[in-house]
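Q: Right, I'll just put the structure down here and ask away after.
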Amino acid sequence: MTIKERQDEIIDEFSIFSDWMDKYEYIISLGKELPMINEANKTDDNIIKGCQSQVWLNGQLENGKILFTADSDAIITKGIIALLIRVVSDQTPNEILNNELYFIDQIGLKEHLSPTRSNGLVSMVKKMKLFALGYKAKTEN
Amino acid sequence: MSFNIEALRNEFPILSRKVNGQPLVYFDNGATAQKPQVMIDALNNYYSFENANIHRGVHSLSQEATTAFEAARTKAQVYFNAAKSEEIIFTKGTTDGINLLAGSFGRTFINEGDEVIISTMEHHSNIVPWQMICDERKAKLRIAPINEKGELLLDELKAMVNEKTQLISIVHISNALGTINPVKEIIDFAHANDVLVMIDGAQSVPHMKIDVQVWDCDFFVFSAHKMFGPTGIGILYGKEHLLNKMPPYQGGGDMIKTVSFERTTYNELPHKFEAGTPNIAAGVALNATFDFLNKLDWKVIHTHETELLDYATAELKKIDGLRIIGEAANKASVISFLVDGTHPFDVGVILDQMGIAVRTGHHCTQPLMDWYKIPGTIRASFAIYNTKKEVDKMIVALNRAIKMLR
Ligand SMILES: Cc1ncc(COP(=O)(O)O)c(C=O)c1O
């Protein structure tokens, strides 16, 4: 599935939630299910310190695609990370760099990706793109 | 004595709005307090009909604006019982006041080898300016310890005072813990040892009326926005003889007497410390703020806020796995807490969905959070207009959040 298709799938899933509780319960469950990041990858390089919560993000290149793993100390942040990973992980650097992430807006979680929340998510998205840039440079050499 | 809380609440228009479809429960008063209509009207009226720059024009508008601005200084002097209105310096707020003091007092009175004492529970704004100036002046910043309850260890603080100590700069009420520090005792002890004292009153002013001469503090800083006033203005109170010995902090208009390229002479107090066009609108609106504060019966408010604090504390303690951070014997109506198995950020997000505004995070007191070995807390801070019914709503919402998150 392309990044766009994955985003549209999530938007579709979220359209059934009639109230905020259902939505947040789902995000929380995603957060609880997010596969553990390898402890060895929780390095200082991979940490993003938000004022409110912290995020760890690691990206590895396999067969030309980047596999992201991540973690957070806050479960809602972690649930949103799970969504981001579902969209962006296992894609080529080019696809990651060339696609806009619009689903967060559409499922009504925009405020979580605003700099003022300072939960680390904005920097996390930036960092995903940085991983893509880095691996792109590597693979093209 | 009964106090008509509904009438008081009605003076604050924001309290009747909804957030996320729910009636707002505003428990983030420690960050900033809400505004009464009289203050909002004063701001509005200033910009609508009174706007002019102050201290400069001969025209009537400028005179009027100057008079209104200076009237606020006099009201502040009377309200805090300063000896003279020249001792009231307008700043941008607490942070600005402390920076002024560190920059001006620091560069005059703090020398190599000297010491400044703060405490573990300080807000970043009463840490970083002192770190900066102590670094610059090769002085030492010393940190008075606290106990697990969040109380200052007074004996240890006293033991730190020596002939090198120039200043104790300490918070009156901790924004993160609610602890009320025994500032009078600290000031008396410091003065007996020839040490000056600055009090960070940012969290004091919304809860009580302070008399700087009773305290006999040398400096006192706060922000108007935390005491139901406008943002962008605050006050540094300082004893006249000390302020007179301090050099200006910023250069520019208003703070000078004469300027030539060879030599500039400075204006007198308080203008010496007020370079440039100040926040005139906020200054003018401070008049309305003091009028509002002067109508309050602080005894009744103290009783009301203590009831809220005790009630909320008891209700929170019923929640399984909830831990209160800051259990000082003498506390203002601020409660920080953590809930086992949940992260403060998550709890804050869910409460917000239910219209309840609390603060989560480190509250600009990272060293304090490190001391407790916690990432932050959830903080409910109450003000004069909060009610037990609102506390009940928070408890219901909190139980729901915990159920969702655990
Ligand atoms: C104890 C304390 N000191 C200083 C400050 C800083 O105040 P301001 O941001 O208004 O300058 C605050 C505000 O949060 C505070 O609570």
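Letters for chains follow the order of the structure tokens (A, B, ...), residue numbers begin at 1 for each chain, and ligand numbers begin at 1 in the order shown.
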Can you list, as a PyMOL selection string, every residue of range 151-267 of chain B that DSSP puts in strand (DSSP E)?

A: chain B and resi 165-171+196-200+219-223+234-238+256-259+264-266

Q: Take the residues just selected and output them with N, CA, C and O atoms as a JSON list (two decimals), in the first residue's frame.

A:
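Output (result.json):
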[["chain", "number", "residue", "atom", "x", "y", "z"],
["B", 165, "THR", "N", 27.60, 35.50, 51.71],
["B", 165, "THR", "CA", 26.24, 35.50, 51.16],
["B", 165, "THR", "C", 25.78, 36.92, 50.89],
["B", 165, "THR", "O", 25.78, 37.76, 51.79],
["B", 166, "GLN", "N", 25.40, 37.21, 49.64],
["B", 166, "GLN", "CA", 24.89, 38.53, 49.30],
["B", 166, "GLN", "C", 23.37, 38.58, 49.28],
["B", 166, "GLN", "O", 22.77, 39.60, 49.57],
["B", 167, "LEU", "N", 22.78, 37.45, 48.87],
["B", 167, "LEU", "CA", 21.34, 37.48, 48.65],
["B", 167, "LEU", "C", 20.74, 36.09, 48.83],
["B", 167, "LEU", "O", 21.34, 35.09, 48.44],
["B", 168, "ILE", "N", 19.55, 36.08, 49.43],
["B", 168, "ILE", "CA", 18.72, 34.87, 49.39],
["B", 168, "ILE", "C", 17.55, 35.21, 48.49],
["B", 168, "ILE", "O", 16.84, 36.19, 48.72],
["B", 169, "SER", "N", 17.39, 34.43, 47.42],
["B", 169, "SER", "CA", 16.28, 34.69, 46.50],
["B", 169, "SER", "C", 15.39, 33.46, 46.53],
["B", 169, "SER", "O", 15.77, 32.38, 46.08],
["B", 170, "ILE", "N", 14.20, 33.65, 47.08],
["B", 170, "ILE", "CA", 13.40, 32.45, 47.38],
["B", 170, "ILE", "C", 11.93, 32.65, 47.04],
["B", 170, "ILE", "O", 11.40, 33.75, 47.11],
["B", 171, "VAL", "N", 11.31, 31.54, 46.65],
["B", 171, "VAL", "CA", 9.91, 31.58, 46.28],
["B", 171, "VAL", "C", 9.05, 31.59, 47.56],
["B", 171, "VAL", "O", 9.37, 30.89, 48.52],
["B", 196, "LEU", "N", 20.65, 40.25, 52.14],
["B", 196, "LEU", "CA", 19.41, 40.76, 51.54],
["B", 196, "LEU", "C", 18.53, 39.60, 51.05],
["B", 196, "LEU", "O", 19.04, 38.51, 50.78],
["B", 197, "VAL", "N", 17.23, 39.89, 50.92],
["B", 197, "VAL", "CA", 16.31, 38.83, 50.51],
["B", 197, "VAL", "C", 15.37, 39.31, 49.41],
["B", 197, "VAL", "O", 14.77, 40.38, 49.50],
["B", 198, "MET", "N", 15.27, 38.48, 48.36],
["B", 198, "MET", "CA", 14.26, 38.70, 47.33],
["B", 198, "MET", "C", 13.21, 37.60, 47.43],
["B", 198, "MET", "O", 13.53, 36.43, 47.55],
["B", 199, "ILE", "N", 11.94, 38.02, 47.36],
["B", 199, "ILE", "CA", 10.85, 37.05, 47.41],
["B", 199, "ILE", "C", 10.17, 36.97, 46.04],
["B", 199, "ILE", "O", 9.72, 37.99, 45.50],
["B", 200, "ASP", "N", 10.08, 35.75, 45.51],
["B", 200, "ASP", "CA", 9.31, 35.51, 44.29],
["B", 200, "ASP", "C", 7.86, 35.29, 44.72],
["B", 200, "ASP", "O", 7.50, 34.25, 45.26],
["B", 219, "PHE", "N", 13.43, 42.90, 48.26],
["B", 219, "PHE", "CA", 12.86, 42.90, 46.92],
["B", 219, "PHE", "C", 11.70, 41.92, 46.88],
["B", 219, "PHE", "O", 11.71, 40.90, 47.58],
["B", 220, "PHE", "N", 10.73, 42.24, 46.04],
["B", 220, "PHE", "CA", 9.56, 41.39, 45.90],
["B", 220, "PHE", "C", 9.11, 41.49, 44.45],
["B", 220, "PHE", "O", 8.96, 42.59, 43.92],
["B", 221, "VAL", "N", 8.95, 40.35, 43.78],
["B", 221, "VAL", "CA", 8.55, 40.38, 42.37],
["B", 221, "VAL", "C", 7.29, 39.56, 42.14],
["B", 221, "VAL", "O", 7.06, 38.55, 42.82],
["B", 222, "PHE", "N", 6.48, 39.98, 41.19],
["B", 222, "PHE", "CA", 5.32, 39.17, 40.78],
["B", 222, "PHE", "C", 4.85, 39.63, 39.40],
["B", 222, "PHE", "O", 5.30, 40.65, 38.88],
["B", 223, "SER", "N", 3.93, 38.85, 38.85],
["B", 223, "SER", "CA", 3.31, 39.16, 37.54],
["B", 223, "SER", "C", 1.84, 39.48, 37.76],
["B", 223, "SER", "O", 1.15, 38.76, 38.47],
["B", 234, "GLY", "N", 4.28, 43.51, 35.32],
["B", 234, "GLY", "CA", 4.52, 42.97, 36.65],
["B", 234, "GLY", "C", 5.21, 44.04, 37.45],
["B", 234, "GLY", "O", 5.43, 45.15, 36.95],
["B", 235, "ILE", "N", 5.54, 43.72, 38.68],
["B", 235, "ILE", "CA", 6.17, 44.73, 39.53],
["B", 235, "ILE", "C", 7.39, 44.14, 40.22],
["B", 235, "ILE", "O", 7.38, 42.99, 40.65],
["B", 236, "LEU", "N", 8.42, 44.95, 40.25],
["B", 236, "LEU", "CA", 9.55, 44.68, 41.13],
["B", 236, "LEU", "C", 9.47, 45.74, 42.22],
["B", 236, "LEU", "O", 9.57, 46.93, 41.93],
["B", 237, "TYR", "N", 9.25, 45.28, 43.45],
["B", 237, "TYR", "CA", 9.34, 46.20, 44.57],
["B", 237, "TYR", "C", 10.76, 46.10, 45.11],
["B", 237, "TYR", "O", 11.30, 45.00, 45.22],
["B", 238, "GLY", "N", 11.35, 47.24, 45.42],
["B", 238, "GLY", "CA", 12.66, 47.21, 46.04],
["B", 238, "GLY", "C", 12.75, 48.36, 47.02],
["B", 238, "GLY", "O", 12.14, 49.42, 46.81],
["B", 256, "ILE", "N", 16.52, 58.22, 31.11],
["B", 256, "ILE", "CA", 17.63, 59.15, 31.14],
["B", 256, "ILE", "C", 17.20, 60.52, 31.66],
["B", 256, "ILE", "O", 16.03, 60.87, 31.64],
["B", 257, "LYS", "N", 18.16, 61.30, 32.09],
["B", 257, "LYS", "CA", 17.91, 62.70, 32.39],
["B", 257, "LYS", "C", 18.43, 63.52, 31.22],
["B", 257, "LYS", "O", 17.70, 64.26, 30.59],
["B", 258, "THR", "N", 19.72, 63.34, 30.92],
["B", 258, "THR", "CA", 20.29, 64.00, 29.74],
["B", 258, "THR", "C", 21.16, 63.01, 29.00],
["B", 258, "THR", "O", 21.79, 62.16, 29.62],
["B", 259, "VAL", "N", 21.17, 63.13, 27.69],
["B", 259, "VAL", "CA", 22.02, 62.26, 26.89],
["B", 259, "VAL", "C", 22.90, 63.09, 25.99],
["B", 259, "VAL", "O", 22.43, 63.99, 25.30],
["B", 264, "THR", "N", 25.94, 60.43, 29.66],
["B", 264, "THR", "CA", 24.51, 60.38, 29.88],
["B", 264, "THR", "C", 24.24, 60.33, 31.37],
["B", 264, "THR", "O", 24.94, 59.64, 32.11],
["B", 265, "THR", "N", 23.29, 61.13, 31.80],
["B", 265, "THR", "CA", 22.91, 61.02, 33.21],
["B", 265, "THR", "C", 21.54, 60.36, 33.29],
["B", 265, "THR", "O", 20.69, 60.54, 32.41],
["B", 266, "TYR", "N", 21.36, 59.59, 34.35],
["B", 266, "TYR", "CA", 20.17, 58.77, 34.44],
["B", 266, "TYR", "C", 19.05, 59.46, 35.19],
["B", 266, "TYR", "O", 19.27, 60.29, 36.06]]

Q: Show me which residues sit within 6 Å of ligand 1 when counting only C-alpha atoms and all ligand atoms, and put them as a list of chain:residue names.

A: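 For ligand 1, the residues inside 6 Å are B:Ala31, B:Gly93, B:Thr94, B:Thr95, B:His123, B:Ser125, B:Val171, B:Ser174, B:Asn175, B:Asp200, B:Ala202, B:Gln203, B:Ser223.
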
Q: Counting only C-alpha atoms, which residues in range 26-63 of chain A sit no more than 10 Å from range 340-348 of chain B? For each one, give the nearest pair of atoms and the distance in Å, sorted by chain then residue number, as CSV.

A:
residue,atom,partner,partner_atom,distance
A:Ile28,CA,B:Asp346,CA,9.3
A:Cys51,CA,B:Phe345,CA,9.7
A:Gln52,CA,B:Phe345,CA,5.9
A:Ser53,CA,B:Phe345,CA,6.7

Q: Generate the output file for the selected residues, N, CA, C and O atoms, as an mmCIF file, in the first residue's frame.

A:
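For reference, part_29.cif as written:
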data_model
loop_
_atom_site.group_PDB
_atom_site.id
_atom_site.type_symbol
_atom_site.label_atom_id
_atom_site.label_comp_id
_atom_site.auth_asym_id
_atom_site.auth_seq_id
_atom_site.Cartn_x
_atom_site.Cartn_y
_atom_site.Cartn_z
ATOM 1 N N ILE A 28 -5.409 4.702 22.599
ATOM 2 C CA ILE A 28 -4.732 4.123 23.767
ATOM 3 C C ILE A 28 -4.429 2.640 23.514
ATOM 4 O O ILE A 28 -3.342 2.156 23.823
ATOM 5 N N CYS A 51 8.442 18.729 26.060
ATOM 6 C CA CYS A 51 8.239 19.228 27.412
ATOM 7 C C CYS A 51 7.310 18.288 28.177
ATOM 8 O O CYS A 51 7.395 18.139 29.370
ATOM 9 N N GLN A 52 6.391 17.678 27.459
ATOM 10 C CA GLN A 52 5.338 16.887 28.090
ATOM 11 C C GLN A 52 5.641 15.395 28.084
ATOM 12 O O GLN A 52 5.374 14.700 29.045
ATOM 13 N N SER A 53 6.113 14.908 26.964
ATOM 14 C CA SER A 53 6.449 13.492 26.892
ATOM 15 C C SER A 53 7.678 13.304 26.019
ATOM 16 O O SER A 53 8.053 14.187 25.260
#

Q: With the cut-off set at 12 Å and counting only C-alpha atoms, tabulate each residue of chain B with an atom at most that distance from an atom of chain A, showing the nearest atom pair and its distance in Å to one decimal, ordered by chain and increasing number, as JSON lines.

A:
{"residue": "B:Asn20", "atom": "CA", "partner": "A:Trp20", "partner_atom": "CA", "distance": 9.6}
{"residue": "B:Gly21", "atom": "CA", "partner": "A:Trp20", "partner_atom": "CA", "distance": 10.9}
{"residue": "B:Gly341", "atom": "CA", "partner": "A:Ile75", "partner_atom": "CA", "distance": 10.2}
{"residue": "B:Thr342", "atom": "CA", "partner": "A:Ala74", "partner_atom": "CA", "distance": 7.7}
{"residue": "B:His343", "atom": "CA", "partner": "A:Ala74", "partner_atom": "CA", "distance": 5.4}
{"residue": "B:Pro344", "atom": "CA", "partner": "A:Ala74", "partner_atom": "CA", "distance": 7.9}
{"residue": "B:Phe345", "atom": "CA", "partner": "A:Gln52", "partner_atom": "CA", "distance": 5.9}
{"residue": "B:Asp346", "atom": "CA", "partner": "A:Ile76", "partner_atom": "CA", "distance": 5.8}
{"residue": "B:Val347", "atom": "CA", "partner": "A:Ile76", "partner_atom": "CA", "distance": 9.3}
{"residue": "B:Gly348", "atom": "CA", "partner": "A:Gln52", "partner_atom": "CA", "distance": 9.9}
{"residue": "B:Val349", "atom": "CA", "partner": "A:Ile76", "partner_atom": "CA", "distance": 8.3}
{"residue": "B:Ile350", "atom": "CA", "partner": "A:Tyr24", "partner_atom": "CA", "distance": 8.1}
{"residue": "B:Leu351", "atom": "CA", "partner": "A:Met21", "partner_atom": "CA", "distance": 11.1}
{"residue": "B:Asp352", "atom": "CA", "partner": "A:Trp20", "partner_atom": "CA", "distance": 10.9}
{"residue": "B:Gln353", "atom": "CA", "partner": "A:Trp20", "partner_atom": "CA", "distance": 7.3}
{"residue": "B:Met354", "atom": "CA", "partner": "A:Trp20", "partner_atom": "CA", "distance": 9.4}
{"residue": "B:Arg359", "atom": "CA", "partner": "A:Gln52", "partner_atom": "CA", "distance": 10.1}
{"residue": "B:Thr360", "atom": "CA", "partner": "A:Gln52", "partner_atom": "CA", "distance": 7.1}
{"residue": "B:Gly361", "atom": "CA", "partner": "A:Gln52", "partner_atom": "CA", "distance": 5.2}
{"residue": "B:His362", "atom": "CA", "partner": "A:Cys51", "partner_atom": "CA", "distance": 7.6}
{"residue": "B:His363", "atom": "CA", "partner": "A:Cys51", "partner_atom": "CA", "distance": 9.5}
{"residue": "B:Cys364", "atom": "CA", "partner": "A:Cys51", "partner_atom": "CA", "distance": 9.5}
{"residue": "B:Thr365", "atom": "CA", "partner": "A:Cys51", "partner_atom": "CA", "distance": 11.6}
{"residue": "B:Gln366", "atom": "CA", "partner": "A:Cys51", "partner_atom": "CA", "distance": 10.2}
{"residue": "B:Ile374", "atom": "CA", "partner": "A:Asp73", "partner_atom": "CA", "distance": 11.9}
{"residue": "B:Pro375", "atom": "CA", "partner": "A:Ser53", "partner_atom": "CA", "distance": 8.5}
{"residue": "B:Gly376", "atom": "CA", "partner": "A:Gln52", "partner_atom": "CA", "distance": 8.1}
{"residue": "B:Thr377", "atom": "CA", "partner": "A:Gln52", "partner_atom": "CA", "distance": 9.9}
{"residue": "B:Ile378", "atom": "CA", "partner": "A:Gln52", "partner_atom": "CA", "distance": 10.8}
{"residue": "B:Ala397", "atom": "CA", "partner": "A:Met21", "partner_atom": "CA", "distance": 11.7}
{"residue": "B:Arg400", "atom": "CA", "partner": "A:Met21", "partner_atom": "CA", "distance": 9.8}
{"residue": "B:Ala401", "atom": "CA", "partner": "A:Met21", "partner_atom": "CA", "distance": 9.6}
{"residue": "B:Ile402", "atom": "CA", "partner": "A:Glu25", "partner_atom": "CA", "distance": 11.5}
{"residue": "B:Lys403", "atom": "CA", "partner": "A:Glu25", "partner_atom": "CA", "distance": 10.0}
{"residue": "B:Met404", "atom": "CA", "partner": "A:Glu25", "partner_atom": "CA", "distance": 6.4}
{"residue": "B:Leu405", "atom": "CA", "partner": "A:Ile28", "partner_atom": "CA", "distance": 6.8}
{"residue": "B:Arg406", "atom": "CA", "partner": "A:Ile28", "partner_atom": "CA", "distance": 9.4}

Q: Show me, as JSON, numbers by chain, the residues that have an atom within 8 Å of Ile27 in chain A when counting only C-alpha atoms, minus same-chain residues fewer than 3 positions from it.

A: {"A": [23, 24, 30, 31, 76, 79, 80]}

Q: Do a neighbour search on Ile81 in chain A at 8 Å with only C-alpha atoms, toss out local chain neighbours closer than 2 positions, and write the hits as a PyMOL selection string.

A: chain A and resi 31+70-71+77-79+83-85+121

Q: Hey, what's within 12 Å of range 36-40 of chain A if we count only C-alpha atoms and toss same-chain stuff fewer than 2 positions away? As a list in words, please?

A: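 Answer for this query is Gly31, Lys32, Glu33, Leu34, Lys42, Thr43, Asp44, Asp45, Asn46, Ile47, Val55, Trp56, Leu57, Asn58, Gly59, Gln60, Leu67, Phe68, Thr69, Ala70, Asp71, Ser72, Asp73, Lys78, Ile81 and Ala82 of chain A.
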